[in-house]
$ cat model10.cif   # mmCIF, C-alpha atoms and all ligand atoms
data_final
loop_
_atom_site.label_atom_id
_atom_site.label_comp_id
_atom_site.auth_asym_id
_atom_site.auth_seq_id
_atom_site.Cartn_x
_atom_site.Cartn_y
_atom_site.Cartn_z
CA MET A 1 -175.08 -46.90 -224.83
CA ALA A 2 -174.55 -50.68 -225.10
CA GLY A 3 -176.65 -53.06 -222.95
CA LYS A 4 -173.90 -53.98 -220.50
CA LYS A 5 -172.86 -50.35 -220.09
CA ILE A 6 -176.48 -49.45 -219.25
CA ASP A 7 -176.61 -52.27 -216.69
CA SER A 8 -173.51 -51.07 -214.90
CA GLU A 9 -174.69 -47.44 -215.09
CA ILE A 10 -178.02 -48.44 -213.50
CA LEU A 11 -176.18 -50.30 -210.72
CA ARG A 12 -173.89 -47.33 -210.18
CA ARG A 13 -176.80 -44.88 -209.92
CA LEU A 14 -178.84 -47.17 -207.66
CA GLY A 15 -175.81 -47.60 -205.44
CA SER A 16 -175.33 -43.95 -204.50
CA PRO A 17 -176.44 -43.04 -201.97
CA GLN A 18 -176.96 -46.62 -200.80
CA GLY A 19 -180.55 -47.52 -199.99
CA SER A 20 -182.41 -44.53 -201.45
CA PHE A 21 -185.04 -44.95 -204.16
CA ILE A 22 -184.65 -43.46 -207.61
CA SER A 23 -187.67 -43.28 -209.91
CA GLY A 24 -187.86 -45.07 -213.24
CA GLU A 25 -188.48 -41.72 -214.88
CA ALA A 26 -185.35 -40.16 -213.39
CA LEU A 27 -183.24 -43.17 -214.41
CA ALA A 28 -184.68 -43.08 -217.93
CA GLY A 29 -183.92 -39.37 -218.22
CA ARG A 30 -180.34 -39.71 -217.01
CA LEU A 31 -179.58 -42.70 -219.21
CA GLY A 32 -181.40 -41.34 -222.28
CA ILE A 33 -183.59 -44.44 -222.64
CA SER A 34 -187.32 -45.14 -222.20
CA ARG A 35 -188.91 -46.16 -218.89
CA THR A 36 -189.78 -49.53 -220.44
CA ALA A 37 -186.12 -50.02 -221.33
CA VAL A 38 -185.16 -49.17 -217.73
CA TRP A 39 -187.68 -51.72 -216.47
CA LYS A 40 -186.28 -54.37 -218.83
CA HIS A 41 -182.71 -53.74 -217.72
CA VAL A 42 -183.70 -53.81 -214.06
CA SER A 43 -185.60 -57.11 -214.56
CA ASN A 44 -182.56 -58.56 -216.24
CA LEU A 45 -180.28 -57.42 -213.41
CA LYS A 46 -182.69 -58.87 -210.85
CA SER A 47 -182.75 -62.20 -212.66
CA GLN A 48 -178.94 -62.19 -212.44
CA GLY A 49 -179.30 -61.98 -208.69
CA PHE A 50 -178.63 -58.28 -208.09
CA PRO A 51 -180.60 -57.18 -205.02
CA ILE A 52 -182.85 -54.53 -206.57
CA GLU A 53 -186.13 -53.62 -204.93
CA ALA A 54 -188.88 -52.12 -207.10
CA LEU A 55 -191.82 -50.15 -205.65
CA ARG A 56 -194.41 -48.74 -208.00
CA SER A 57 -194.75 -45.49 -206.05
CA LYS A 58 -191.05 -44.88 -205.39
CA GLY A 59 -188.98 -46.51 -208.11
CA TYR A 60 -185.92 -48.69 -207.63
CA ARG A 61 -183.19 -49.12 -205.06
CA LEU A 62 -180.42 -51.52 -204.11
CA SER A 63 -181.54 -53.54 -201.10
CA GLY A 64 -178.13 -55.09 -200.40
CA PRO A 65 -174.48 -54.83 -201.31
CA VAL A 66 -173.26 -55.63 -204.82
CA GLU A 67 -170.03 -57.35 -204.05
CA PRO A 68 -167.06 -57.03 -206.35
CA PHE A 69 -165.94 -60.27 -207.97
CA ASN A 70 -162.34 -60.27 -209.10
CA GLU A 71 -158.95 -61.65 -208.06
CA ILE A 72 -158.65 -59.04 -205.31
CA SER A 73 -161.98 -59.79 -203.64
CA ILE A 74 -161.42 -63.53 -203.97
CA SER A 75 -157.89 -63.59 -202.62
CA ALA A 76 -158.60 -61.21 -199.71
CA GLY A 77 -158.24 -63.41 -196.63
CA MET A 78 -157.82 -66.63 -198.61
CA PRO A 79 -157.15 -69.22 -195.90
CA THR A 80 -155.33 -71.77 -198.08
CA GLU A 81 -151.72 -72.92 -198.49
CA ILE A 82 -151.73 -74.60 -201.90
CA ILE A 83 -154.86 -73.60 -203.77
CA GLY A 84 -155.19 -69.98 -204.83
CA GLN A 85 -151.65 -68.72 -204.25
CA LYS A 86 -152.13 -67.41 -207.76
CA ILE A 87 -155.52 -66.43 -209.21
CA HIS A 88 -156.02 -65.70 -212.90
CA PHE A 89 -159.32 -63.81 -213.13
CA PHE A 90 -161.03 -63.06 -216.44
CA LYS A 91 -164.27 -61.32 -217.28
CA THR A 92 -164.89 -63.74 -220.16
CA LEU A 93 -163.20 -66.96 -221.26
CA PRO A 94 -164.25 -69.71 -223.62
CA SER A 95 -163.62 -72.25 -220.83
CA THR A 96 -161.63 -72.05 -217.59
CA ASN A 97 -160.60 -75.72 -218.01
CA GLU A 98 -159.13 -74.97 -221.39
CA ARG A 99 -157.16 -71.95 -220.11
CA ALA A 100 -155.94 -73.80 -217.00
CA ALA A 101 -154.67 -76.70 -219.14
CA LEU A 102 -152.76 -74.25 -221.33
CA LEU A 103 -151.15 -72.66 -218.27
CA ALA A 104 -150.36 -76.06 -216.73
CA ARG A 105 -148.63 -77.18 -219.92
CA GLU A 106 -146.45 -74.07 -219.69
CA GLY A 107 -145.43 -75.09 -216.16
CA GLU A 108 -147.88 -73.16 -213.97
CA ALA A 109 -147.57 -74.20 -210.32
CA GLU A 110 -149.94 -76.49 -208.48
CA GLY A 111 -152.85 -74.69 -206.87
CA SER A 112 -153.20 -71.88 -209.42
CA ILE A 113 -156.80 -70.98 -210.16
CA VAL A 114 -158.39 -69.80 -213.38
CA ILE A 115 -161.75 -68.18 -212.68
CA CYS A 116 -164.11 -66.02 -214.71
CA ASP A 117 -167.41 -64.19 -214.66
CA THR A 118 -168.82 -65.87 -217.77
CA GLN A 119 -167.79 -68.62 -220.21
CA THR A 120 -168.65 -68.64 -223.89
CA ASN A 121 -167.81 -72.31 -224.38
CA GLY A 122 -168.17 -73.85 -220.89
CA ARG A 123 -167.70 -77.60 -221.12
CA GLY A 124 -169.29 -80.61 -219.50
CA ARG A 125 -168.23 -84.22 -220.09
CA LEU A 126 -168.31 -85.88 -223.51
CA GLY A 127 -168.49 -82.61 -225.41
CA ARG A 128 -171.59 -81.38 -223.58
CA ALA A 129 -172.02 -77.68 -222.87
CA TRP A 130 -172.09 -75.91 -219.49
CA SER A 131 -174.36 -72.85 -219.43
CA SER A 132 -172.33 -70.02 -217.95
CA PRO A 133 -174.29 -66.74 -217.78
CA PRO A 134 -172.49 -63.63 -216.41
CA GLY A 135 -172.88 -62.01 -213.03
CA VAL A 136 -174.40 -64.89 -211.13
CA ASN A 137 -172.41 -68.12 -210.84
CA LEU A 138 -168.98 -69.59 -210.20
CA TYR A 139 -166.79 -71.04 -212.96
CA ALA A 140 -163.32 -72.06 -211.86
CA SER A 141 -160.53 -74.49 -212.69
CA ILE A 142 -157.76 -75.47 -210.33
CA ILE A 143 -154.42 -76.95 -211.39
CA LEU A 144 -153.45 -79.98 -209.31
CA ARG A 145 -150.22 -81.94 -209.61
CA PRO A 146 -150.64 -85.10 -207.53
CA ARG A 147 -147.65 -87.43 -207.73
CA ALA A 148 -149.67 -90.49 -208.64
CA ALA A 149 -150.16 -93.05 -211.36
CA ALA A 150 -153.11 -92.36 -213.65
CA HIS A 151 -155.06 -95.40 -212.39
CA GLU A 152 -154.84 -94.14 -208.79
CA LEU A 153 -156.72 -91.00 -209.79
CA GLN A 154 -159.68 -92.70 -211.39
CA GLY A 155 -162.19 -91.59 -208.77
CA ILE A 156 -160.79 -88.10 -208.22
CA THR A 157 -164.03 -86.56 -209.52
CA LEU A 158 -165.58 -87.59 -206.20
CA LEU A 159 -163.06 -85.35 -204.41
CA GLY A 160 -164.43 -82.35 -206.28
CA ALA A 161 -168.00 -83.42 -205.57
CA VAL A 162 -167.38 -83.72 -201.81
CA ALA A 163 -165.77 -80.27 -201.63
CA VAL A 164 -168.58 -78.69 -203.66
CA ALA A 165 -171.33 -80.43 -201.67
CA GLU A 166 -169.71 -79.39 -198.39
CA THR A 167 -169.50 -75.75 -199.53
CA VAL A 168 -173.01 -75.70 -200.97
CA ALA A 169 -174.26 -77.00 -197.60
CA LEU A 170 -172.68 -73.95 -195.92
CA PHE A 171 -174.53 -71.46 -198.15
CA SER A 172 -177.78 -73.25 -198.97
CA LYS A 173 -181.03 -73.42 -197.00
CA ARG A 174 -181.71 -76.85 -198.52
CA PRO A 175 -179.29 -79.78 -198.12
CA PRO A 176 -177.25 -80.84 -201.16
CA SER A 177 -176.81 -84.39 -202.40
CA VAL A 178 -174.37 -85.92 -204.87
CA LYS A 179 -175.20 -87.87 -208.02
CA TRP A 180 -172.52 -90.21 -209.30
CA PRO A 181 -170.10 -89.30 -210.66
CA ASN A 182 -169.90 -85.51 -210.89
CA ASP A 183 -173.12 -83.72 -210.02
CA VAL A 184 -174.27 -81.89 -206.94
CA LEU A 185 -178.01 -81.51 -206.55
CA ILE A 186 -180.46 -79.57 -204.44
CA ASP A 187 -184.04 -80.89 -204.37
CA SER A 188 -183.07 -83.37 -207.14
CA LYS A 189 -182.01 -80.54 -209.48
CA LYS A 190 -178.46 -79.91 -210.64
CA VAL A 191 -176.76 -77.04 -208.82
CA ALA A 192 -173.16 -77.88 -209.74
CA GLY A 193 -171.07 -79.94 -212.12
CA ILE A 194 -167.45 -81.05 -211.92
CA LEU A 195 -165.16 -81.73 -214.83
CA MET A 196 -161.90 -83.37 -213.77
CA GLU A 197 -159.51 -83.66 -216.71
CA MET A 198 -156.35 -85.69 -216.25
CA TYR A 199 -153.27 -85.21 -218.42
CA THR A 200 -150.82 -88.10 -218.31
CA GLU A 201 -147.25 -88.86 -219.26
CA ALA A 202 -146.02 -92.45 -219.31
CA GLU A 203 -148.85 -93.72 -217.05
CA MET A 204 -148.22 -90.96 -214.50
CA ALA A 205 -150.47 -87.95 -214.03
CA SER A 206 -148.62 -84.84 -215.11
CA PHE A 207 -151.50 -82.62 -213.95
CA VAL A 208 -155.22 -82.62 -213.26
CA ILE A 209 -157.55 -79.74 -214.05
CA ALA A 210 -160.38 -79.61 -211.52
CA GLY A 211 -163.15 -77.70 -213.28
CA ILE A 212 -166.07 -76.62 -211.14
CA GLY A 213 -169.27 -74.83 -212.09
CA VAL A 214 -171.71 -73.89 -209.33
CA ASN A 215 -175.02 -72.12 -209.84
CA LEU A 216 -175.16 -69.55 -207.08
CA ASN A 217 -177.66 -66.81 -207.95
CA MET A 218 -178.85 -67.80 -211.42
CA ASP A 219 -182.54 -67.82 -212.21
CA PRO A 220 -182.86 -71.19 -214.03
CA SER A 221 -185.97 -70.08 -215.89
CA LEU A 222 -183.57 -68.11 -218.12
CA LEU A 223 -182.02 -71.35 -219.40
CA PRO A 224 -183.48 -73.10 -222.44
CA ALA A 225 -185.87 -76.04 -221.96
CA PRO A 226 -185.49 -78.73 -220.70
CA LEU A 227 -182.51 -77.38 -218.71
CA ASN A 228 -184.70 -74.80 -216.99
CA GLN A 229 -186.54 -77.68 -215.27
CA GLU A 230 -183.45 -79.73 -214.44
CA ALA A 231 -181.16 -77.03 -213.03
CA THR A 232 -181.33 -74.94 -209.90
CA SER A 233 -179.17 -72.45 -208.02
CA ILE A 234 -178.57 -71.93 -204.30
CA LYS A 235 -180.62 -68.74 -204.41
CA ASN A 236 -183.35 -70.31 -206.50
CA ALA A 237 -183.67 -73.13 -203.98
CA GLY A 238 -184.93 -70.71 -201.37
CA GLY A 239 -181.56 -69.36 -200.32
CA GLU A 240 -180.17 -65.87 -199.88
CA ARG A 241 -178.12 -64.20 -202.60
CA VAL A 242 -174.68 -65.80 -202.39
CA PRO A 243 -171.65 -63.44 -202.45
CA ARG A 244 -169.52 -65.07 -205.13
CA ALA A 245 -166.11 -64.23 -203.68
CA ASP A 246 -167.09 -65.62 -200.26
CA PHE A 247 -168.34 -68.82 -201.84
CA ALA A 248 -165.20 -69.16 -203.94
CA ARG A 249 -162.93 -68.83 -200.89
CA ALA A 250 -164.92 -71.40 -198.91
CA LEU A 251 -164.86 -73.78 -201.87
CA PHE A 252 -161.10 -73.48 -202.38
CA LEU A 253 -160.49 -74.14 -198.68
CA SER A 254 -162.71 -77.22 -198.72
CA LEU A 255 -161.05 -78.46 -201.91
CA GLU A 256 -157.61 -78.00 -200.38
CA LEU A 257 -158.50 -79.87 -197.19
CA TRP A 258 -159.98 -82.80 -199.13
CA TYR A 259 -157.02 -82.79 -201.52
CA LYS A 260 -154.61 -83.04 -198.58
CA THR A 261 -156.70 -85.88 -197.13
CA PHE A 262 -156.57 -87.60 -200.50
CA LEU A 263 -152.77 -87.28 -200.71
CA LYS A 264 -152.36 -88.64 -197.17
CA LYS A 265 -155.03 -91.31 -196.99
CA GLY A 266 -156.06 -92.07 -200.56
CA LEU A 267 -159.46 -92.15 -202.19
CA SER A 268 -161.17 -94.31 -199.56
CA ALA A 269 -161.35 -91.36 -197.13
CA ILE A 270 -162.96 -89.24 -199.86
CA ILE A 271 -165.44 -91.96 -200.73
CA GLU A 272 -166.51 -92.28 -197.12
CA ALA A 273 -167.42 -88.57 -197.04
CA TRP A 274 -169.00 -88.72 -200.50
CA ARG A 275 -171.33 -91.55 -199.35
CA GLY A 276 -172.78 -89.19 -196.76
CA TYR A 277 -174.24 -87.10 -199.60
CA PHE A 278 -175.18 -89.93 -201.98
CA PHE A 279 -178.90 -90.53 -202.35
CA ALA A 280 -179.13 -93.64 -204.52
CA GLU A 281 -177.56 -96.42 -202.47
CA GLY A 282 -180.02 -99.31 -202.16
CA LYS A 283 -182.38 -97.71 -204.67
CA PRO A 284 -183.39 -98.77 -208.19
CA VAL A 285 -181.30 -96.95 -210.79
CA LYS A 286 -180.63 -96.76 -214.48
CA VAL A 287 -177.10 -96.01 -215.66
CA ARG A 288 -176.18 -94.95 -219.17
CA SER A 289 -172.63 -95.93 -219.97
CA HIS A 290 -171.28 -95.57 -223.52
CA ASP A 291 -173.93 -97.18 -225.69
CA LYS A 292 -175.36 -99.41 -222.93
CA THR A 293 -178.05 -98.87 -220.31
CA ILE A 294 -177.75 -100.84 -217.11
CA GLN A 295 -180.71 -101.17 -214.79
CA GLY A 296 -180.80 -102.55 -211.27
CA ILE A 297 -180.29 -101.77 -207.60
CA CYS A 298 -177.48 -99.37 -206.77
CA LEU A 299 -174.98 -100.91 -204.36
CA GLY A 300 -172.94 -97.72 -203.99
CA VAL A 301 -169.38 -97.15 -205.17
CA ASP A 302 -166.27 -99.29 -204.71
CA ASN A 303 -162.90 -98.07 -203.46
CA SER A 304 -161.89 -96.79 -206.89
CA GLY A 305 -165.04 -94.70 -207.23
CA ALA A 306 -166.73 -97.04 -209.74
CA LEU A 307 -170.51 -97.43 -209.43
CA LEU A 308 -171.82 -100.89 -208.49
CA VAL A 309 -175.22 -102.01 -209.77
CA ARG A 310 -176.92 -105.35 -209.07
CA ASP A 311 -178.88 -106.37 -212.17
CA SER A 312 -182.09 -108.42 -212.30
CA ARG A 313 -180.13 -111.68 -212.57
CA GLY A 314 -178.28 -110.94 -209.36
CA GLY A 315 -174.95 -110.16 -211.05
CA THR A 316 -172.97 -107.08 -209.99
CA LYS A 317 -171.95 -104.65 -212.71
CA LYS A 318 -169.09 -102.21 -212.18
CA VAL A 319 -169.52 -98.94 -214.08
CA LEU A 320 -166.42 -96.78 -214.53
CA SER A 321 -168.02 -93.88 -216.37
CA GLY A 322 -171.52 -92.90 -217.35
CA ASP A 323 -174.62 -91.08 -216.22
CA LEU A 324 -176.86 -92.13 -213.40
CA VAL A 325 -180.58 -91.70 -213.93
CA ARG A 326 -182.61 -91.73 -210.78
CA GLY A 327 -185.87 -93.65 -210.33
CA ALA A 328 -185.43 -96.38 -212.94
C1 LIG B 401 -170.69 -81.49 -215.91
O1 LIG B 401 -170.74 -82.23 -217.08
O2 LIG B 401 -171.57 -81.41 -215.09
C2 LIG B 401 -169.40 -80.73 -215.72
C3 LIG B 401 -169.59 -79.24 -215.75
C4 LIG B 401 -168.32 -78.51 -215.41
C5 LIG B 401 -168.43 -77.04 -215.66
C6 LIG B 401 -167.19 -76.32 -215.20
S1 LIG B 401 -167.40 -74.60 -215.21
C7 LIG B 401 -165.72 -74.34 -214.99
C8 LIG B 401 -164.99 -75.39 -215.80
N1 LIG B 401 -164.73 -74.93 -217.15
C9 LIG B 401 -165.43 -75.64 -218.05
O3 LIG B 401 -165.39 -75.43 -219.29
N2 LIG B 401 -166.14 -76.58 -217.44
C10 LIG B 401 -165.93 -76.58 -216.01
P1 LIG B 401 -171.90 -83.23 -217.45
O4 LIG B 401 -172.09 -84.22 -216.33
O5 LIG B 401 -171.55 -83.75 -218.79
O6 LIG B 401 -173.20 -82.36 -217.49
C11 LIG B 401 -173.45 -81.48 -218.56
C12 LIG B 401 -174.97 -81.30 -218.58
O7 LIG B 401 -175.40 -80.49 -217.47
C13 LIG B 401 -175.46 -80.55 -219.82
O8 LIG B 401 -175.63 -81.43 -220.90
C14 LIG B 401 -176.78 -79.98 -219.33
O9 LIG B 401 -177.80 -80.96 -219.37
C15 LIG B 401 -176.51 -79.70 -217.86
N3 LIG B 401 -176.14 -78.28 -217.63
C16 LIG B 401 -175.50 -77.41 -218.45
N4 LIG B 401 -175.32 -76.22 -217.87
C17 LIG B 401 -175.86 -76.32 -216.64
C18 LIG B 401 -175.97 -75.42 -215.54
N5 LIG B 401 -175.46 -74.18 -215.55
N6 LIG B 401 -176.62 -75.87 -214.43
C19 LIG B 401 -177.11 -77.13 -214.35
N7 LIG B 401 -177.03 -78.01 -215.36
C20 LIG B 401 -176.39 -77.63 -216.49
#
$ encode --input "model10.cif" --output "structure tokens" --more "lines below"
Ligand code: BT5
Amino acid sequence: MAGKKIDSEILRRLGSPQGSFISGEALAGRLGISRTAVWKHVSNLKSQGFPIEALRSKGYRLSGPVEPFNEISISAGMPTEIIGQKIHFFKTLPSTNERAALLAREGEAEGSIVICDTQTNGRGRLGRAWSSPPGVNLYASIILRPRAAAHELQGITLLGAVAVAETVALFSKRPPSVKWPNDVLIDSKKVAGILMEMYTEAEMASFVIAGIGVNLNMDPSLLPAPLNQEATSIKNAGGERVPRADFARALFLSLELWYKTFLKKGLSAIIEAWRGYFFAEGKPVKVRSHDKTIQGICLGVDNSGALLVRDSRGGTKKVLSGDLVRGA
């Protein structure tokens, strides 16, 4: 039996009847594998966030529900009007942003979501990778079609960050913060990243792909160094196991409300909310932008979402894109 098949067979057997223990020996016998192999599979499932309790004298049992994660569980009771009228769910994709852009080019309506369990080529900015293990996190891309000129959408990444931070705050024991331009942190570690990709036609936006990755139940120690020290998940930061479909629905609602605010009032309303989560205003920072590093005191962001930094000579630098490093 292949690894994944064994995992789902273990979950199935632990799930019926709910709550009763089944010994490692019995599981091994039924699956035709060794007890050590059972233990390894169970450890792996636990690290993915499945609620499995292990007692030496009794064996293993499920200590909570294993929620289904698919288009049906996500769309059940979806409280939105624009986002999520159509959900394209996949077990595996190279990248949800890539698939959403393909669909948008073919005319897919605004609000459609591409979401998957795991990505094989999840993307960050500037060709960086986004680690996307199965069974634990959220990887989604939403197609937006704002009628706006490209320059008006410069700071739209902050819209994604506000919606993600607001949703993380609902599910997390620890408060989230935002790091300019596209990170959400818990306890100074990255819990989510946003990749807004704009496609233009004659200076106008033809569509925007809002790509969002949130670490919900992932055990960051499974990531390679140094990422295992820099990343966290809501569960890892002392939280409960997060039901992925519930989180997804809450996120899409928040995104829709902020998107409507943006369409009505512009970016300044988004920036005001974003500031409430920003930790670096008034603090010394280092910003890497292209091949330059700028150091100084962070003055916050301007109305277009650009970062303002006062350098040692008292001049103010405006940074349109880059990476903020805390504690310069
Ligand atoms: C981002 O880029 O933070 C944007 C990430 C967007 C991911 C979503 S998932 C759904 C959608 N489909 C995609 O293909 N992408 C989007 P950036 O600021 O460039 O940060 C990338 C850096 O974050 C990497 O170089 C790593 O250092 C770190 N990183 C990678 N995977 C991570 C993870 N799972 N958790 C925390 N940090 C991670």
$ residues_around --input "model10.cif" --residues "range 247-264 of chain A" --least-positions-apart "5" --cutoff "10 Å" --atoms "only C-alpha atoms" --output "PyMOL selection string"
chain A and resi 69+73-84+111+113+115+137-140+142+144+146-148+153+156+159-168+170-171+210+212+214+216+242+269-271+273
$ residues_near_ligand --input "model10.cif" --ligand "ligand LIG 401 (chain B)" --cutoff "8 Å" --atoms "all atoms listed in the file" --output "JSON, numbers by chain"
{"A": [94, 95, 96, 97, 98, 115, 119, 121, 122, 123, 124, 125, 126, 127, 128, 129, 130, 131, 132, 133, 138, 139, 140, 141, 181, 182, 183, 189, 190, 191, 192, 193, 194, 195, 210, 211, 212, 213, 214, 215, 220, 227, 230, 231, 232, 233, 323]}
$ residues_around --input "model10.cif" --residues "Ala149 in chain A" --least-positions-apart "3" --cutoff "10 Å" --atoms "all atoms listed in the file" --output "list in words"
Pro146, Glu152, Leu153, Gln154, Thr200, Glu201, Ala202, Glu203, Met204, Ala205 and Ser206 of chain A
$ write_last_selection --input "model10.cif" --atoms "C-alpha atoms" --output "CSV table (one decimal), in the coordinates of the input"
chain,number,residue,atom,x,y,z
A,146,PRO,CA,-150.6,-85.1,-207.5
A,152,GLU,CA,-154.8,-94.1,-208.8
A,153,LEU,CA,-156.7,-91.0,-209.8
A,154,GLN,CA,-159.7,-92.7,-211.4
A,200,THR,CA,-150.8,-88.1,-218.3
A,201,GLU,CA,-147.2,-88.9,-219.3
A,202,ALA,CA,-146.0,-92.4,-219.3
A,203,GLU,CA,-148.8,-93.7,-217.0
A,204,MET,CA,-148.2,-91.0,-214.5
A,205,ALA,CA,-150.5,-88.0,-214.0
A,206,SER,CA,-148.6,-84.8,-215.1
$ residues_around --input "model10.cif" --residues "Leu14 in chain A" --least-positions-apart "5" --cutoff "10 Å" --atoms "all atoms listed in the file" --output "list in words"
Ser8, Glu9, Gly19, Ser20, Phe21, Ile22, Ser23, Leu27, Ile52, Tyr60, Arg61, Leu62 and Ser63 of chain A
$ axis_aligned_box --input "model10.cif" --around "range 308-326 of chain A" --padding-each-side "6 Å" --output "JSON"
{"center_x": -174.5, "center_y": -101.4, "center_z": -212.9, "size_x": 28.2, "size_y": 32.6, "size_z": 20.9}
$ residues_around --input "model10.cif" --residues "Ala28 in chain A" --least-positions-apart "3" --cutoff "12 Å" --atoms "all atoms listed in the file" --output "list in words"
Ile6, Glu9, Ile10, Arg13, Ile22, Ser23, Gly24, Glu25, Leu31, Gly32, Ile33, Ser34, Arg35, Thr36, Ala37, Val38, Trp39, Lys40, His41, Val42, Gly59 and Tyr60 of chain A
$ write_last_selection --input "model10.cif" --atoms "C-alpha atoms" --output "PDB file, in the frame of the given file"
ATOM      1  CA  ILE A   6    -176.480 -49.450-219.250  1.00  0.00           C
ATOM      2  CA  GLU A   9    -174.690 -47.440-215.090  1.00  0.00           C
ATOM      3  CA  ILE A  10    -178.020 -48.440-213.500  1.00  0.00           C
ATOM      4  CA  ARG A  13    -176.800 -44.880-209.920  1.00  0.00           C
ATOM      5  CA  ILE A  22    -184.650 -43.460-207.610  1.00  0.00           C
ATOM      6  CA  SER A  23    -187.670 -43.280-209.910  1.00  0.00           C
ATOM      7  CA  GLY A  24    -187.860 -45.070-213.240  1.00  0.00           C
ATOM      8  CA  GLU A  25    -188.480 -41.720-214.880  1.00  0.00           C
ATOM      9  CA  LEU A  31    -179.580 -42.700-219.210  1.00  0.00           C
ATOM     10  CA  GLY A  32    -181.400 -41.340-222.280  1.00  0.00           C
ATOM     11  CA  ILE A  33    -183.590 -44.440-222.640  1.00  0.00           C
ATOM     12  CA  SER A  34    -187.320 -45.140-222.200  1.00  0.00           C
ATOM     13  CA  ARG A  35    -188.910 -46.160-218.890  1.00  0.00           C
ATOM     14  CA  THR A  36    -189.780 -49.530-220.440  1.00  0.00           C
ATOM     15  CA  ALA A  37    -186.120 -50.020-221.330  1.00  0.00           C
ATOM     16  CA  VAL A  38    -185.160 -49.170-217.730  1.00  0.00           C
ATOM     17  CA  TRP A  39    -187.680 -51.720-216.470  1.00  0.00           C
ATOM     18  CA  LYS A  40    -186.280 -54.370-218.830  1.00  0.00           C
ATOM     19  CA  HIS A  41    -182.710 -53.740-217.720  1.00  0.00           C
ATOM     20  CA  VAL A  42    -183.700 -53.810-214.060  1.00  0.00           C
ATOM     21  CA  GLY A  59    -188.980 -46.510-208.110  1.00  0.00           C
ATOM     22  CA  TYR A  60    -185.920 -48.690-207.630  1.00  0.00           C
TER      23      TYR A  60
END
$ closest_residue --input "model10.cif" --among "A:Val66, A:Ala100, A:Cys298, A:Val178" --to "Arg244 in chain A" --atoms "all atoms listed in the file"
A:Val66
$ residues_near_point --input "model10.cif" --point "(-174.4, -95.8, -219.3)" --cutoff "12 Å" --atoms "only C-alpha atoms" --output "list in words"
Trp180, Pro181, Val285, Lys286, Val287, Arg288, Ser289, His290, Asp291, Lys292, Thr293, Ile294, Gln295, Leu307, Val309, Lys317, Lys318, Val319, Leu320, Ser321, Gly322, Asp323, Leu324 and Val325 of chain A
